[in-house]
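Novice: Okay, here's the structure, questions in a sec.
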Amino acid sequence: MKAYQITGTEGLPSLKQVTLPDPEPKAGEVLVRIRACCLNYRDYMNVMGIKGVTGPIPRVPCSDGAGEIVALGEGVSGWSVGQKVVIPFMPTWIDGGYTQQHASKALGGAEDGLLRELACLPATCLLSVPDHLSMEEAATLPCAAVTAWDALFVRGDLKAGETVLVLGTGGVSIFALQFAKSVGAKVLATTSSNAKAARLSELGADAVHNYKTDPAWDDWALAQTGKLGVDRVIEIGGPETLNRSIKATRFGGHIALIGVLTGTSGDVQTVGILRKSIRLDGIYVGSKTMFAGMLEHITAQKMHPVIDSTFEFEDAPAAFERIGSGQHFGKIVIKV
């Protein structure tokens, strides 16, 4: 089978297409022909060797994918050849709390990912692709969508009428915007261009702020809420944005700490968290049970993910260049 591997530490040139033996499903596994993969910033960090992300070399990148079952291992029931499936980010995290064991099985990290033609997965982890979604759309869901769902509805318990602040136009932020609007929440959004601002408004954002023309988006968010602050923040920036998120959050509010786009460490004004009694949650995707609940909601709403661009398998390096540029709006997909 064809696949891509991270073969070194020199960045994008270390991402090479290779030929690997076709895998065969063991007992309890299914063999999935991958039809689409989707990129997350974590995948870019892995390929580029950015500090804070580690893993073995060589390694197949990419956690997110969807495909169809082509073979069943011994003892597998409930699935049949030809069914379309989407693959969770951590195949062992079925339900319950997050553990180190689940983290160690995250695809594209310590374990080979899905930027390949064939993959063997535990039958117990798979989920059916909703009928209204394409393979490319389904492939966008395992990381960014589940992360946004966990942040808003599992850790966040979002309710109609609350105000959510989303940062930027990456996958998690766009999914959070779509989910929040689907339950009647108000959404404030930040972005780097007027063109992206217009698209955010089209998706339902109630107000949008260009942080390039005015970096004080925390003051803007406070003004939008009568100086009370927002109920919830989808914090994807990390050290260079977290303090502004703290300032923008109301007393007793919630910040879902998700991304590290501005780095992996920095100064945090902990007094703001304390004084305002803010709940700060680190969110690292979610379980299969969360994924299943999210799929029910997506199906009921007939929701479609926002895809920025789609690349052919042979052009996979260009997809990584696209996410590295920061110019994308929504998810970047690679057809397999």
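We label chains A, B, ... in the order they appear in the structure tokens, count residues from 1 in each chain, and number ligands from 1 in the order shown.
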Set out as JSON lines a contact list for region 198-293 of chain A and region 68-90 of chain A with a cut-off of 8 Å, giving each residue of region 198-293 of chain A that qualifies its closest atom pair and distance in Å to one decimal, counting only C-alpha atoms, ordered by chain and rising residue number.
Specialist:
```
{"residue": "A:Val285", "atom": "CA", "partner": "A:Phe89", "partner_atom": "CA", "distance": 7.4}
{"residue": "A:Ser287", "atom": "CA", "partner": "A:Met90", "partner_atom": "CA", "distance": 7.4}
{"residue": "A:Lys288", "atom": "CA", "partner": "A:Pro88", "partner_atom": "CA", "distance": 6.4}
{"residue": "A:Phe291", "atom": "CA", "partner": "A:Pro88", "partner_atom": "CA", "distance": 7.6}
```
Novice: Skip Ala189 (chain A) itself and residues of its chain fewer than 5 positions away, then list as an MDAnalysis selection string all residues within 12 Å of it, counting only C-alpha atoms.
Specialist: chainID A and resid 163:170 173:174 176:178 180 196:201 203:211 217:218 220:221 224 230 232:235
Novice: Would you compute the distance between CA of Gly67 (chain A) and CA of Ala139 (chain A)? Give it in Å to one decimal.
Specialist: 8.4 Å
Novice: Find, counting only C-alpha atoms, the residue in A:Leu152, A:Leu222, A:Ala195, A:Val333 that gets nearest to Ser134 (chain A).
Specialist: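 Smallest distance to Ser134 (chain A) is found for A:Val333.
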Novice: What does the structure give for the distance between CA of Thr310 (chain A) and CA of Cys38 (chain A), in Å to one decimal?
Specialist: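 Between these atoms lies a distance of 9.0 Å.
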Novice: Using only C-alpha atoms, can you tell me which of A:Leu228, A:Val30, A:Val336, A:Ala316 comes closest to Leu12 (chain A)?
Specialist: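 Nearest candidate to Leu12 (chain A) out of A:Leu228, A:Val30, A:Val336, A:Ala316: A:Ala316.
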Novice: Which parts of region 156-326 of chain A does DSSP call strand (DSSP E) when run on the backbone here, written out as a PyMOL selection string?
Specialist: chain A and resi 163-167+186-191+207-210+230-235+249-257+279-282+307-311
Novice: Cys37 (chain A): which residues within 7 Å, counting only C-alpha atoms, same-chain residues fewer than 5 positions away excluded, as a PyMOL selection string?
Specialist: chain A and resi 64-66+114-115+139+333-335
Novice: Please provide as an mmCIF file with C-alpha atoms, in the first residue's frame all residues within 8 Å of Gly253 (chain A), with the sequence filter that same-chain residues fewer than 6 positions apart are discarded (counting only C-alpha atoms).
Specialist:
```
data_model
loop_
_atom_site.group_PDB
_atom_site.id
_atom_site.type_symbol
_atom_site.label_atom_id
_atom_site.label_comp_id
_atom_site.auth_asym_id
_atom_site.auth_seq_id
_atom_site.Cartn_x
_atom_site.Cartn_y
_atom_site.Cartn_z
ATOM 1 C CA VAL A 230 -18.289 36.068 27.865
ATOM 2 C CA ASP A 231 -19.597 32.828 29.356
ATOM 3 C CA ARG A 232 -17.191 30.561 27.482
ATOM 4 C CA LYS A 276 -12.875 35.683 38.699
ATOM 5 C CA SER A 277 -13.265 32.022 39.741
ATOM 6 C CA ILE A 278 -12.807 30.937 36.136
ATOM 7 C CA ARG A 279 -12.848 27.235 35.333
#
```
Novice: Identify all residues of region 234-288 of chain A in alpha helix (DSSP H) (DSSP on the backbone) and supply them as a PyMOL selection string.
Specialist: chain A and resi 242-248+270-275+288
Novice: Pull the closest atom pair for each residue of region 196-279 of chain A that gets at most 10 Å from region 39-60 of chain A, along with the distance in Å to one decimal, counting only C-alpha atoms, ordering rows by chain and then ascending residue number, as a tab-separated table.
Specialist:
```
residue	atom	partner	partner_atom	distance
A:Gly259	CA	A:Tyr41	CA	8.6
A:Val260	CA	A:Tyr41	CA	8.8
A:Leu261	CA	A:Tyr41	CA	7.9
A:Gly263	CA	A:Gly52	CA	8.6
A:Thr264	CA	A:Gly52	CA	6.4
A:Ser265	CA	A:Gly52	CA	9.3
```
Novice: List as a short mmCIF file (atom, residue, chain, number, x, y, z; two decimals) with C-alpha atoms, in the first residue's frame the protein and nucleic acid residues near Ile323 (chain A), meaning an atom at most 9 Å away when only C-alpha atoms are counted, but skip any in the same chain fewer than 2 places from it.
Specialist:
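Done, and the output landed in part31.cif:
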```cif
data_model
loop_
_atom_site.label_atom_id
_atom_site.label_comp_id
_atom_site.auth_asym_id
_atom_site.auth_seq_id
_atom_site.Cartn_x
_atom_site.Cartn_y
_atom_site.Cartn_z
CA LEU A 39 -5.18 17.73 8.87
CA ASN A 40 -4.95 19.25 12.32
CA TYR A 41 -2.26 21.64 13.50
CA TYR A 44 1.76 19.91 11.05
CA ALA A 318 1.01 20.98 -0.23
CA ALA A 319 -1.79 20.34 2.26
CA PHE A 320 0.71 20.67 5.11
CA GLU A 321 2.01 23.89 3.56
CA SER A 325 0.31 29.25 6.20
CA GLY A 326 -2.53 29.99 8.61
CA GLN A 327 -4.65 31.20 5.69
CA HIS A 328 -7.17 28.37 5.83
CA LYS A 331 -10.59 22.00 7.52
CA ILE A 332 -7.97 20.79 5.02
#
```
Novice: Near region 296-301 of chain A, within 8 Å and counting only C-alpha atoms, which residues show up once chain neighbours fewer than 2 positions away are dropped, as a list in words?
Specialist: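 Within the cut-off, the hits are Pro130, His132, Ser182, Ala292, Gly293, Met294, Met303 and His304 of chain A.
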Novice: Got time to write the residues from that selection, N, CA and C atoms, as a short mmCIF file (atom, residue, chain, number, x, y, z; two decimals), in the first residue's frame?
Specialist:
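Result written to part20.cif:
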```
data_model
loop_
_atom_site.label_atom_id
_atom_site.label_comp_id
_atom_site.auth_asym_id
_atom_site.auth_seq_id
_atom_site.Cartn_x
_atom_site.Cartn_y
_atom_site.Cartn_z
N PRO A 130 -22.51 9.33 8.89
CA PRO A 130 -23.89 9.75 8.62
C PRO A 130 -24.17 9.81 7.12
N HIS A 132 -25.75 11.79 5.25
CA HIS A 132 -25.73 13.06 4.52
C HIS A 132 -24.31 13.62 4.34
N SER A 182 -26.24 26.22 16.78
CA SER A 182 -27.30 25.22 16.61
C SER A 182 -28.13 25.05 17.87
N ALA A 292 -20.08 9.72 19.31
CA ALA A 292 -21.38 9.20 18.91
C ALA A 292 -22.49 10.20 19.20
N GLY A 293 -22.43 10.85 20.38
CA GLY A 293 -23.43 11.87 20.69
C GLY A 293 -23.36 13.04 19.73
N MET A 294 -22.15 13.43 19.38
CA MET A 294 -21.98 14.51 18.42
C MET A 294 -22.54 14.13 17.05
N MET A 303 -26.00 19.01 9.64
CA MET A 303 -24.87 19.94 9.64
C MET A 303 -23.77 19.43 8.71
N HIS A 304 -23.14 20.37 8.00
CA HIS A 304 -22.03 20.03 7.13
C HIS A 304 -20.76 20.74 7.60
#
```
Novice: Rounded to one decimal, what separation in Å do you get between CA of Leu274 (chain A) and CA of Ile258 (chain A)?
Specialist: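 Interatomic distance here is 19.9 Å.
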